[in-house]
file final_29.txt (compact mmCIF, C-alpha atoms and all ligand atoms)
# COMPACT_ATOMS: atom_id res chain seq x y z
CA MET A 1048 61.10 -27.93 -6.21
CA HIS A 1049 58.49 -26.82 -8.74
CA ALA A 1050 57.58 -23.19 -9.25
CA PRO A 1051 54.13 -22.41 -7.81
CA ARG A 1052 51.42 -22.19 -10.43
CA TYR A 1053 48.67 -19.58 -10.36
CA GLU A 1054 45.17 -20.73 -11.24
CA ASN A 1055 41.87 -18.92 -10.86
CA GLU A 1056 38.85 -21.17 -11.47
CA GLY A 1057 40.88 -23.17 -13.95
CA HIS A 1058 42.30 -20.14 -15.81
CA SER A 1059 45.92 -19.19 -15.52
CA GLU A 1060 45.81 -16.16 -17.84
CA VAL A 1061 45.68 -12.74 -16.23
CA ILE A 1062 44.48 -9.49 -17.76
CA TYR A 1063 46.46 -7.17 -15.57
CA LEU A 1064 44.86 -3.72 -15.27
CA ASP A 1065 46.34 -2.81 -11.89
CA ASN A 1066 49.72 -1.37 -12.78
CA ASN A 1067 49.56 1.33 -10.09
CA ALA A 1068 49.58 -1.47 -7.49
CA THR A 1069 52.65 -3.13 -8.95
CA THR A 1070 54.09 -4.03 -12.34
CA ARG A 1071 55.48 -7.05 -14.14
CA VAL A 1072 59.29 -7.33 -13.99
CA ALA A 1073 60.43 -6.60 -17.54
CA PRO A 1074 62.26 -9.58 -19.13
CA GLU A 1075 65.24 -7.31 -19.86
CA VAL A 1076 65.34 -6.38 -16.16
CA PHE A 1077 65.25 -10.00 -15.06
CA GLU A 1078 68.01 -10.87 -17.52
CA ALA A 1079 70.21 -8.07 -16.15
CA MET A 1080 69.65 -9.27 -12.57
CA VAL A 1081 70.32 -12.99 -12.93
CA PRO A 1082 74.15 -12.91 -12.96
CA PHE A 1083 74.05 -10.95 -9.69
CA LEU A 1084 71.91 -13.60 -8.04
CA THR A 1085 74.04 -16.47 -9.26
CA GLU A 1086 77.64 -15.81 -10.28
CA TYR A 1087 78.46 -12.34 -8.98
CA TYR A 1088 77.40 -12.56 -5.38
CA GLY A 1089 80.29 -10.54 -3.93
CA ASN A 1090 79.59 -7.78 -1.43
CA PRO A 1091 80.07 -4.40 -3.13
CA SER A 1092 81.77 -3.08 0.03
CA SER A 1093 84.49 -5.80 -0.06
CA ALA A 1094 87.98 -4.65 -0.90
CA TYR A 1095 88.88 -7.51 -3.31
CA SER A 1096 88.16 -7.31 -7.00
CA PHE A 1097 85.22 -9.80 -6.85
CA GLY A 1098 83.45 -7.21 -4.67
CA LYS A 1099 84.74 -4.25 -6.68
CA PHE A 1100 83.30 -5.85 -9.83
CA VAL A 1101 79.84 -5.78 -8.25
CA GLU A 1102 80.41 -2.23 -7.01
CA GLY A 1103 81.20 -1.17 -10.59
CA HIS A 1104 77.84 -2.49 -11.78
CA LEU A 1105 76.04 -0.71 -8.93
CA LYS A 1106 77.70 2.47 -10.15
CA ASP A 1107 76.30 1.93 -13.66
CA ALA A 1108 72.82 1.32 -12.21
CA ARG A 1109 73.06 4.51 -10.19
CA GLU A 1110 73.95 6.43 -13.35
CA ASN A 1111 70.91 5.03 -15.17
CA VAL A 1112 68.59 5.93 -12.30
CA ALA A 1113 70.12 9.40 -12.10
CA ALA A 1114 69.37 9.91 -15.81
CA LEU A 1115 65.68 9.36 -15.11
CA VAL A 1116 65.57 12.54 -13.01
CA GLY A 1117 68.43 14.37 -14.78
CA CYS A 1118 70.68 14.43 -11.68
CA THR A 1119 74.19 13.29 -10.82
CA PRO A 1120 74.72 9.76 -9.39
CA LYS A 1121 75.73 11.27 -6.03
CA GLU A 1122 72.21 12.60 -5.61
CA ILE A 1123 70.72 9.07 -5.67
CA ILE A 1124 70.29 6.97 -2.49
CA PHE A 1125 69.03 3.40 -2.84
CA THR A 1126 66.53 2.29 -0.20
CA SER A 1127 64.30 -0.76 0.34
CA CYS A 1128 61.04 0.72 -1.06
CA GLY A 1129 59.04 3.85 -1.77
CA THR A 1130 57.74 3.86 1.79
CA GLU A 1131 61.25 4.00 3.25
CA SER A 1132 62.20 6.81 0.86
CA ASP A 1133 59.13 8.82 1.93
CA ASN A 1134 59.77 8.20 5.63
CA MET A 1135 63.46 9.05 5.28
CA ALA A 1136 62.83 12.34 3.47
CA ILE A 1137 60.37 13.65 6.04
CA TRP A 1138 62.30 12.44 9.07
CA SER A 1139 65.56 13.78 7.70
CA ALA A 1140 64.06 17.19 6.84
CA LEU A 1141 62.66 17.52 10.37
CA GLN A 1142 65.98 16.47 11.91
CA THR A 1143 68.16 18.82 9.84
CA SER A 1144 65.80 21.81 10.04
CA GLY A 1145 65.10 21.31 13.74
CA LYS A 1146 61.51 22.39 13.04
CA ARG A 1147 58.29 20.72 14.13
CA HIS A 1148 55.61 21.29 11.51
CA VAL A 1149 54.81 19.42 8.29
CA VAL A 1150 52.55 20.51 5.44
CA THR A 1151 51.07 17.72 3.33
CA THR A 1152 47.74 16.82 1.68
CA GLN A 1153 44.70 14.75 2.56
CA VAL A 1154 45.27 12.45 -0.41
CA GLU A 1155 48.79 11.11 0.15
CA HIS A 1156 49.67 7.41 0.14
CA SER A 1157 49.58 5.64 3.51
CA ALA A 1158 53.40 5.86 3.61
CA ILE A 1159 53.02 9.60 4.28
CA MET A 1160 49.56 9.56 5.92
CA ASN A 1161 50.57 7.09 8.61
CA GLN A 1162 54.00 8.60 9.18
CA THR A 1163 52.50 12.06 9.69
CA ASP A 1164 49.88 10.54 12.04
CA GLN A 1165 52.77 9.09 14.02
CA LEU A 1166 54.56 12.46 14.01
CA GLU A 1167 51.41 14.08 15.40
CA ARG A 1168 51.35 11.52 18.22
CA MET A 1169 54.96 12.49 18.92
CA GLY A 1170 53.95 16.15 19.26
CA PHE A 1171 54.78 17.49 15.77
CA GLY A 1172 52.25 19.71 13.98
CA VAL A 1173 50.77 18.53 10.67
CA THR A 1174 48.61 20.48 8.22
CA ARG A 1175 46.79 18.31 5.67
CA LEU A 1176 45.60 20.35 2.72
CA PRO A 1177 42.28 19.61 1.03
CA VAL A 1178 41.87 19.09 -2.71
CA ARG A 1179 39.19 20.34 -5.11
CA ALA A 1180 36.37 18.16 -6.44
CA ASP A 1181 38.50 17.29 -9.49
CA GLY A 1182 41.33 16.12 -7.22
CA THR A 1183 43.62 19.08 -7.92
CA LEU A 1184 45.39 21.21 -5.33
CA GLU A 1185 45.41 25.02 -4.86
CA VAL A 1186 49.03 26.27 -4.69
CA ALA A 1187 47.73 29.27 -2.71
CA ASP A 1188 46.61 26.84 0.02
CA VAL A 1189 50.18 25.55 0.32
CA GLU A 1190 51.46 29.10 0.71
CA LYS A 1191 48.92 29.87 3.44
CA ALA A 1192 49.77 26.69 5.34
CA ILE A 1193 53.52 27.35 5.61
CA ARG A 1194 54.44 28.64 9.07
CA ASP A 1195 57.67 29.83 10.70
CA ASP A 1196 58.09 26.39 12.27
CA THR A 1197 57.42 24.41 9.05
CA GLY A 1198 60.31 22.01 8.46
CA VAL A 1199 59.07 20.29 5.31
CA VAL A 1200 56.30 20.35 2.74
CA SER A 1201 55.54 16.90 1.32
CA ILE A 1202 53.18 16.69 -1.65
CA MET A 1203 52.85 13.75 -4.01
CA TRP A 1204 53.52 14.26 -7.71
CA ALA A 1205 50.79 11.92 -8.97
CA ASN A 1206 47.98 10.40 -6.97
CA ASN A 1207 48.04 6.60 -6.99
CA GLU A 1208 44.23 6.27 -6.99
CA THR A 1209 43.15 8.91 -9.51
CA GLY A 1210 46.40 9.69 -11.34
CA VAL A 1211 45.83 13.44 -10.74
CA LEU A 1212 49.07 15.42 -11.04
CA PHE A 1213 50.04 18.20 -8.65
CA PRO A 1214 52.17 21.22 -9.71
CA VAL A 1215 55.11 20.12 -7.57
CA GLU A 1216 57.78 22.12 -9.38
CA GLU A 1217 55.84 25.33 -8.75
CA ILE A 1218 55.27 24.34 -5.12
CA ALA A 1219 58.98 23.53 -4.73
CA THR A 1220 59.89 27.04 -5.91
CA LEU A 1221 57.40 28.52 -3.46
CA CYS A 1222 58.95 26.47 -0.63
CA LYS A 1223 62.45 27.53 -1.59
CA SER A 1224 61.40 31.20 -1.48
CA LYS A 1225 60.18 30.58 2.09
CA GLY A 1226 63.29 28.63 3.13
CA VAL A 1227 61.34 25.37 3.60
CA LEU A 1228 62.47 21.95 2.36
CA PHE A 1229 60.25 20.25 -0.22
CA HIS A 1230 59.67 16.52 -0.73
CA THR A 1231 57.58 14.84 -3.39
CA ASP A 1232 56.38 11.25 -3.42
CA ALA A 1233 56.86 10.55 -7.13
CA VAL A 1234 56.42 6.78 -6.79
CA GLN A 1235 53.72 6.67 -9.48
CA THR A 1236 55.51 8.82 -12.06
CA PRO A 1237 58.67 7.25 -13.57
CA GLY A 1238 58.10 6.01 -17.09
CA LYS A 1239 54.71 7.76 -17.19
CA ILE A 1240 55.78 11.41 -17.23
CA ASP A 1241 59.11 13.03 -18.03
CA LEU A 1242 61.12 13.68 -14.86
CA ARG A 1243 64.37 14.74 -16.49
CA ASN A 1244 64.04 18.34 -15.26
CA VAL A 1245 63.88 17.38 -11.59
CA ALA A 1246 67.48 18.28 -10.84
CA LYS A 1247 66.94 21.73 -12.40
CA SER A 1248 63.87 22.30 -10.21
CA ASP A 1249 63.77 23.32 -6.54
CA ILE A 1250 62.66 19.86 -5.37
CA ASP A 1251 64.88 18.78 -2.44
CA PHE A 1252 63.72 15.16 -2.04
CA LEU A 1253 61.93 12.82 -4.44
CA SER A 1254 60.87 9.21 -3.79
CA MET A 1255 60.59 6.38 -6.32
CA SER A 1256 59.98 2.63 -6.07
CA GLY A 1257 61.30 -0.19 -8.26
CA HIS A 1258 58.15 -2.26 -8.45
CA LYS A 1259 56.13 0.52 -10.06
CA LEU A 1260 58.41 0.66 -13.08
CA HIS A 1261 58.93 -2.97 -14.04
CA ALA A 1262 61.80 -3.62 -11.60
CA PRO A 1263 61.40 -5.95 -8.60
CA LYS A 1264 59.71 -5.23 -5.30
CA GLY A 1265 61.93 -4.31 -2.37
CA VAL A 1266 64.05 -1.57 -3.90
CA GLY A 1267 63.44 2.17 -3.75
CA VAL A 1268 65.20 5.44 -4.46
CA LEU A 1269 65.48 8.75 -2.69
CA TYR A 1270 66.79 11.62 -4.80
CA VAL A 1271 68.35 14.27 -2.56
CA LYS A 1272 69.31 17.54 -4.21
CA ARG A 1273 72.97 18.53 -4.05
CA ARG A 1274 73.72 20.56 -0.93
CA THR A 1275 70.40 19.56 0.76
CA LYS A 1276 71.35 18.09 4.11
CA VAL A 1277 70.28 14.53 4.79
CA VAL A 1278 70.67 12.19 7.76
CA PRO A 1279 70.27 8.39 7.63
CA TYR A 1280 66.95 6.84 8.55
CA VAL A 1281 68.27 3.27 8.47
CA ILE A 1282 71.36 3.56 10.63
CA GLY A 1283 74.22 1.11 10.11
CA GLY A 1284 77.30 0.78 7.93
CA GLY A 1285 78.75 3.32 5.56
CA GLN A 1286 76.80 2.21 2.48
CA GLU A 1287 75.25 4.84 0.21
CA ARG A 1288 78.01 7.28 1.25
CA GLY A 1289 76.94 6.93 4.87
CA LYS A 1290 73.35 7.98 4.14
CA ARG A 1291 71.63 4.58 4.31
CA GLY A 1292 73.01 1.64 6.21
CA GLY A 1293 72.56 -1.98 5.14
CA THR A 1294 74.18 -4.14 2.46
CA GLU A 1295 72.78 -3.13 -0.91
CA ASN A 1296 70.06 -5.22 -2.57
CA VAL A 1297 72.48 -5.64 -5.45
CA ALA A 1298 70.45 -7.65 -7.98
CA SER A 1299 67.37 -5.49 -7.51
CA ILE A 1300 69.37 -2.29 -7.86
CA ILE A 1301 70.93 -3.63 -11.08
CA GLY A 1302 67.39 -4.46 -12.24
CA LEU A 1303 66.21 -0.98 -11.33
CA GLY A 1304 69.04 0.54 -13.36
CA ARG A 1305 67.91 -1.42 -16.42
CA ALA A 1306 64.25 -0.54 -15.71
CA ALA A 1307 65.18 3.15 -15.59
CA GLU A 1308 66.80 2.88 -19.05
CA LEU A 1309 63.69 1.15 -20.41
CA ALA A 1310 61.37 3.70 -18.78
CA LEU A 1311 63.08 6.48 -20.72
CA GLU A 1312 62.96 4.48 -23.95
CA LYS A 1313 59.24 3.72 -23.52
CA LEU A 1314 58.14 7.14 -22.29
CA SER A 1315 56.69 8.14 -25.65
CA ASP A 1316 54.79 4.82 -25.88
CA GLU A 1317 53.21 5.56 -22.50
CA GLN A 1318 52.34 9.10 -23.56
CA THR A 1319 50.74 7.97 -26.82
CA ARG A 1320 49.71 4.30 -27.04
CA VAL A 1321 48.97 3.69 -23.35
CA ARG A 1322 47.13 7.03 -23.11
CA ALA A 1323 45.11 6.11 -26.22
CA LEU A 1324 44.22 2.71 -24.70
CA ARG A 1325 43.08 4.38 -21.49
CA ASP A 1326 41.07 7.06 -23.33
CA HIS A 1327 39.41 4.47 -25.57
CA PHE A 1328 38.54 2.40 -22.49
CA GLU A 1329 36.91 5.37 -20.74
CA GLU A 1330 35.10 6.71 -23.81
CA THR A 1331 33.64 3.33 -24.67
CA LEU A 1332 32.37 2.77 -21.14
CA LEU A 1333 30.88 6.27 -21.02
CA GLN A 1334 29.05 5.59 -24.29
CA ARG A 1335 27.75 2.20 -23.21
CA LEU A 1336 26.71 2.87 -19.62
CA PRO A 1337 24.74 5.67 -17.91
CA HIS A 1338 25.54 6.94 -14.37
CA LEU A 1339 29.28 6.68 -14.87
CA TYR A 1340 31.81 9.28 -13.70
CA ILE A 1341 35.53 9.59 -14.28
CA ASN A 1342 37.28 10.80 -11.14
CA GLY A 1343 40.06 13.37 -11.38
CA LYS A 1344 40.77 16.23 -13.74
CA ARG A 1345 40.68 14.73 -17.21
CA ASP A 1346 43.65 16.58 -18.69
CA GLN A 1347 45.80 16.66 -15.55
CA ARG A 1348 46.28 12.95 -14.95
CA LEU A 1349 48.84 10.23 -15.50
CA PRO A 1350 48.33 8.74 -18.97
CA ASN A 1351 47.75 5.23 -17.60
CA THR A 1352 45.18 5.71 -14.81
CA SER A 1353 41.40 5.59 -14.89
CA ASN A 1354 39.29 5.82 -11.75
CA ILE A 1355 35.62 5.27 -12.48
CA ALA A 1356 32.47 5.59 -10.36
CA PHE A 1357 29.86 2.99 -11.33
CA ASP A 1358 26.90 4.47 -9.45
CA PHE A 1359 24.53 2.08 -7.62
CA VAL A 1360 27.07 -0.78 -7.56
CA GLU A 1361 29.62 -1.77 -4.92
CA ALA A 1362 33.19 -1.77 -6.23
CA GLU A 1363 33.87 -4.95 -4.25
CA ALA A 1364 31.14 -6.77 -6.22
CA ILE A 1365 32.62 -5.55 -9.52
CA LEU A 1366 36.13 -6.58 -8.50
CA MET A 1367 35.03 -10.07 -7.46
CA ARG A 1368 33.31 -10.63 -10.79
CA LEU A 1369 36.25 -9.19 -12.73
CA ASP A 1370 38.52 -11.53 -10.80
CA ARG A 1371 36.44 -14.52 -11.91
CA LYS A 1372 37.00 -13.37 -15.50
CA GLY A 1373 40.75 -13.10 -14.93
CA ILE A 1374 40.83 -9.29 -14.80
CA CYS A 1375 42.86 -7.56 -12.05
CA ALA A 1376 41.78 -4.05 -11.02
CA SER A 1377 41.32 -2.42 -7.63
CA SER A 1378 39.41 -0.06 -5.41
CA GLY A 1379 41.58 2.32 -3.42
CA SER A 1380 45.27 1.54 -3.13
CA ALA A 1381 46.62 -1.96 -2.69
CA CYS A 1382 47.95 -0.90 0.71
CA THR A 1383 44.49 -0.01 2.05
CA THR A 1384 42.47 -2.79 0.42
CA GLY A 1385 40.56 -4.78 2.99
CA SER A 1386 39.39 -1.66 4.78
CA LEU A 1387 35.63 -1.07 4.53
CA ASP A 1388 36.02 2.69 4.75
CA PRO A 1389 35.61 4.53 1.46
CA SER A 1390 38.87 5.72 -0.06
CA HIS A 1391 40.34 8.73 1.77
CA VAL A 1392 41.33 10.19 -1.60
CA LEU A 1393 37.83 10.07 -3.07
CA SER A 1394 36.32 11.27 0.21
CA ALA A 1395 38.71 14.25 0.19
CA MET A 1396 37.42 15.04 -3.33
CA GLY A 1397 33.94 15.25 -1.85
CA LEU A 1398 32.44 12.05 -3.22
CA THR A 1399 29.59 10.72 -1.10
CA PRO A 1400 30.49 7.49 0.73
CA ALA A 1401 28.10 5.60 -1.58
CA ARG A 1402 29.72 6.92 -4.75
CA ALA A 1403 33.23 6.44 -3.33
CA ARG A 1404 32.37 2.79 -2.65
CA SER A 1405 31.37 2.34 -6.30
CA CYS A 1406 34.76 3.38 -7.70
CA VAL A 1407 37.20 1.08 -9.45
CA ARG A 1408 40.72 1.98 -10.50
CA PHE A 1409 42.08 0.57 -13.74
CA SER A 1410 45.75 1.26 -14.42
CA PHE A 1411 47.45 0.26 -17.65
CA SER A 1412 51.03 -0.30 -18.78
CA HIS A 1413 52.85 -0.72 -22.06
CA TYR A 1414 52.46 -4.49 -21.61
CA ASN A 1415 48.69 -4.11 -22.15
CA ARG A 1416 47.56 -4.93 -25.66
CA ASP A 1417 44.43 -3.77 -27.51
CA ALA A 1418 43.03 -7.27 -26.98
CA ASP A 1419 43.15 -6.82 -23.16
CA ILE A 1420 41.09 -3.65 -23.38
CA ASP A 1421 38.65 -5.20 -25.88
CA TYR A 1422 38.16 -8.15 -23.52
CA ALA A 1423 37.53 -5.87 -20.52
CA LEU A 1424 35.12 -3.76 -22.58
CA GLU A 1425 33.21 -6.86 -23.58
CA ILE A 1426 32.89 -8.00 -19.96
CA ILE A 1427 32.25 -4.79 -18.01
CA PRO A 1428 29.03 -3.24 -19.47
CA PRO A 1429 26.80 -6.35 -19.16
CA MET A 1430 28.31 -7.06 -15.73
CA ILE A 1431 27.43 -3.56 -14.49
CA GLU A 1432 23.92 -3.83 -15.97
CA GLU A 1433 23.41 -7.14 -14.20
CA LEU A 1434 24.71 -5.82 -10.87
CA ARG A 1435 22.59 -2.69 -11.17
CA ALA A 1436 19.50 -4.74 -11.88
CA MET A 1437 20.05 -6.50 -8.53
CA SER A 1438 21.14 -3.43 -6.58
CA PRO A 1439 18.86 -1.87 -3.95
CA LEU A 1440 20.82 1.34 -4.57
CA ASN A 1441 19.66 1.55 -8.16
CA ALA A 1442 17.43 4.50 -9.02
CA ASP A 1443 15.93 2.55 -11.90
CA HIS A 1444 15.19 -0.49 -9.77
CA PRO A 1445 11.41 -1.09 -9.45
CA ASP A 1446 11.67 -1.13 -5.63
CA ASN A 1447 13.22 2.32 -5.50
CA PHE A 1448 10.91 5.22 -6.15
CA ALA A 1449 13.30 7.99 -5.18
CA TYR A 1450 16.96 8.33 -5.95
CA ASP A 1451 18.48 8.63 -2.51
CA VAL A 1452 21.66 6.61 -2.52
CA GLU A 1453 22.64 7.58 1.04
CA ALA A 1454 19.27 6.54 2.49
CA ALA A 1455 19.40 3.27 0.56
CA ARG A 1456 22.88 2.62 1.86
CA GLU A 1457 21.84 3.28 5.42
CA LYS A 1458 18.94 0.87 4.98
CA GLU A 1459 21.28 -1.73 3.55
CA GLU A 1460 23.84 -1.27 6.35
CA LYS A 1461 21.12 -1.66 9.01
CA LEU A 1462 19.92 -4.86 7.36
CA MET A 1463 23.49 -6.14 7.18
CA ALA A 1464 24.06 -5.32 10.89
CA GLN A 1465 20.86 -7.17 11.83
CA THR A 1466 21.92 -10.18 9.77
CA MET A 1467 25.39 -10.21 11.32
CA ALA A 1468 23.91 -9.89 14.83
CA ALA A 1469 21.57 -12.82 14.11
CA ILE A 1470 24.50 -14.91 12.86
CA ASN A 1471 26.58 -14.09 15.95
CA GLU A 1472 23.79 -14.81 18.44
N1 LIG B 1501 53.71 6.23 -2.61
C1 LIG B 1501 52.80 5.98 -3.57
C2 LIG B 1501 52.14 7.11 -4.27
C3 LIG B 1501 52.51 4.66 -3.91
O1 LIG B 1501 51.60 4.41 -4.85
C4 LIG B 1501 53.16 3.61 -3.22
C5 LIG B 1501 52.83 2.20 -3.51
O2 LIG B 1501 51.68 1.87 -3.79
C6 LIG B 1501 54.10 3.93 -2.25
C7 LIG B 1501 54.35 5.26 -1.96
C8 LIG B 1501 54.84 2.88 -1.48
O3 LIG B 1501 55.82 2.27 -2.27
P1 LIG B 1501 56.42 0.84 -1.82
O4 LIG B 1501 55.36 -0.16 -2.10
O5 LIG B 1501 57.63 0.65 -2.66
O6 LIG B 1501 56.74 0.96 -0.39
call {"tool": "encode", "arguments": {"input": "final_29.txt", "output": "structure tokens"}}
result
Amino acid sequence: MHAPRYENEGHSEVIYLDNNATTRVAPEVFEAMVPFLTEYYGNPSSAYSFGKFVEGHLKDARENVAALVGCTPKEIIFTSCGTESDNMAIWSALQTSGKRHVVTTQVEHSAIMNQTDQLERMGFGVTRLPVRADGTLEVADVEKAIRDDTGVVSIMWANNETGVLFPVEEIATLCKSKGVLFHTDAVQTPGKIDLRNVAKSDIDFLSMSGHKLHAPKGVGVLYVKRRTKVVPYVIGGGQERGKRGGTENVASIIGLGRAAELALEKLSDEQTRVRALRDHFEETLLQRLPHLYINGKRDQRLPNTSNIAFDFVEAEAILMRLDRKGICASSGSACTTGSLDPSHVLSAMGLTPARARSCVRFSFSHYNRDADIDYALEIIPPMIEELRAMSPLNADHPDNFAYDVEAAREKEEKLMAQTMAAINE
């Protein structure tokens, strides 16, 4: 059988600027995994040495992952993905505390948003904290939201859409002083910011996901602080010291261990070169195009993320044209793409629906070269000018005498509804 071949209008090259959606598996990671997909297929729980050999390598991987957050290997639980880690932390905290209220934010990933919706349907209380216009969070709001029946506070470390960072260590200390467990969804952070002080902080639970740090999809991590009680979410055998049933995804865990080592090695590259690429990208676009806004507090963001509002243009139109040029970027998170609603994150920051629908997220990695950014910068400004020239939302368009984006949008939506009704008749 031949490997499938990707082609997009005759081009097979991809300029990948969507590293918050997923990342390329590093060649070193792949190399580390292969023997465990081919030769060393033993079950790590088996008593014979062929199994024990595999178990030994899992132990090494666990040590490497533990080093990423400065904890001991016993504090690491391997799961199937970031979503499972998030779900497990919240469910476990509610089970062990016996309490029925969760504090979280309005800008979490759907892993937390949809789980807390489900908890509400089951009768639990949920408080979703707002964010400021720059995407940041008031710690005082967290304090006010904690009640006597609060079982867990769950606040992401870095937002996947804007890259905005929340002061989770400070919030964890606040929670500890109130006797409340604290979880952070840190899926977007490894390899981008230094997490080695996590074990010294008051964070009880922290989620990570392999495919965001150049390991494969389908493997996740839940860090659980020593002495914090945890119950299994996936119930089965005694794997993961009885905390997560199911035979381990051995090759992917080995890959994740190698990816964790590489993430630490490349941290300074991300902080310097990748940040410089991102800053150059934003500055150049701001110089070349009017009506452009960068979402999220400029100096409190991940170094790799850029979320840009291109006023008067629909993000979907930009993304389709970028796709034709071989450039991958996104609007919203990959998990909510396809929905016509404006991003819940940008809406929570107070963007109008029209502006929120004009936003594109570009997210870089250390695999991006200067040439990728130069290519994107060559393509984007004329593309936006062309789209704006055609847009009924454009203030400078000869048909628009007043700048009223919302009214223009309403007009456009009505027209669209009429057209759709005519088609369906
Ligand atoms: N949390 C955040 C912040 C994410 O960005 C993602 C993935 O996009 C997840 C959780 C879910 O991770 P996974 O895809 O491994 O389930």
call {"tool": "closest_atom_pairs", "arguments": {"input": "final_29.txt", "of": "chain A", "to": "ligand LIG 1501 (chain B)", "cutoff": "6 Å", "atoms": "only C-alpha atoms and all ligand atoms", "output": "tab-separated table"}}
result
residue	atom	partner	partner_atom	distance
A:Ala1068	CA	B:LIG1501	O2	5.4
A:Cys1128	CA	B:LIG1501	O5	3.8
A:Gly1129	CA	B:LIG1501	O5	3.6
A:Thr1130	CA	B:LIG1501	O6	3.8
A:His1156	CA	B:LIG1501	N1	5.0
A:Ala1158	CA	B:LIG1501	C7	5.7
A:Asn1206	CA	B:LIG1501	C2	6.0
A:Asn1207	CA	B:LIG1501	O1	4.7
A:Asp1232	CA	B:LIG1501	N1	5.7
A:Val1234	CA	B:LIG1501	C1	4.9
A:Gln1235	CA	B:LIG1501	C2	5.5
A:Ser1256	CA	B:LIG1501	O5	4.6
call {"tool": "atom_distance", "arguments": {"input": "final_29.txt", "atom1": "atom CA of Thr1294 of chain A", "atom2": "atom CA of Ser1157 of chain A"}}
result
26.5 Å
call {"tool": "residues_around", "arguments": {"input": "final_29.txt", "residues": "Gly1257 of chain A", "least_positions_apart": "2", "cutoff": "10 Å", "atoms": "all atoms listed in the file", "output": "ChimeraX atom specification"}}
result
/A:1069-1070,1072,1126-1129,1234,1237,1255,1259-1268,1299-1300,1302-1304,1306-1307
call {"tool": "closest_residue", "arguments": {"input": "final_29.txt", "among": "A:Asn1351, A:Ile1218, A:Asp1195, A:Cys1118", "to": "Asn1244 of chain A", "atoms": "only C-alpha atoms"}}
result
A:Cys1118
call {"tool": "residues_around", "arguments": {"input": "final_29.txt", "residues": "Glu1330 of chain A", "least_positions_apart": "2", "cutoff": "12 Å", "atoms": "only C-alpha atoms", "output": "mmCIF file with C-alpha atoms, keeping the file's coordinate frame"}}
result
data_model
loop_
_atom_site.group_PDB
_atom_site.id
_atom_site.type_symbol
_atom_site.label_atom_id
_atom_site.label_comp_id
_atom_site.auth_asym_id
_atom_site.auth_seq_id
_atom_site.Cartn_x
_atom_site.Cartn_y
_atom_site.Cartn_z
ATOM 1 C CA ALA A 1323 45.110 6.110 -26.220
ATOM 2 C CA LEU A 1324 44.220 2.710 -24.700
ATOM 3 C CA ARG A 1325 43.080 4.380 -21.490
ATOM 4 C CA ASP A 1326 41.070 7.060 -23.330
ATOM 5 C CA HIS A 1327 39.410 4.470 -25.570
ATOM 6 C CA PHE A 1328 38.540 2.400 -22.490
ATOM 7 C CA LEU A 1332 32.370 2.770 -21.140
ATOM 8 C CA LEU A 1333 30.880 6.270 -21.020
ATOM 9 C CA GLN A 1334 29.050 5.590 -24.290
ATOM 10 C CA ARG A 1335 27.750 2.200 -23.210
ATOM 11 C CA LEU A 1336 26.710 2.870 -19.620
ATOM 12 C CA PRO A 1337 24.740 5.670 -17.910
ATOM 13 C CA LEU A 1339 29.280 6.680 -14.870
ATOM 14 C CA TYR A 1340 31.810 9.280 -13.700
ATOM 15 C CA ILE A 1341 35.530 9.590 -14.280
ATOM 16 C CA ARG A 1345 40.680 14.730 -17.210
ATOM 17 C CA SER A 1353 41.400 5.590 -14.890
ATOM 18 C CA ILE A 1355 35.620 5.270 -12.480
ATOM 19 C CA ILE A 1420 41.090 -3.650 -23.380
ATOM 20 C CA LEU A 1424 35.120 -3.760 -22.580
#
call {"tool": "closest_residue", "arguments": {"input": "final_29.txt", "among": "A:Ala1362, A:Lys1372, A:Asn1067, A:Ala1423", "to": "Ser1405 of chain A", "atoms": "only C-alpha atoms"}}
result
A:Ala1362
call {"tool": "closest_residue", "arguments": {"input": "final_29.txt", "among": "A:Gly1373, A:Gly1089, A:Gly1238, A:Gly1293", "to": "Asp1316 of chain A", "atoms": "all atoms listed in the file"}}
result
A:Gly1238
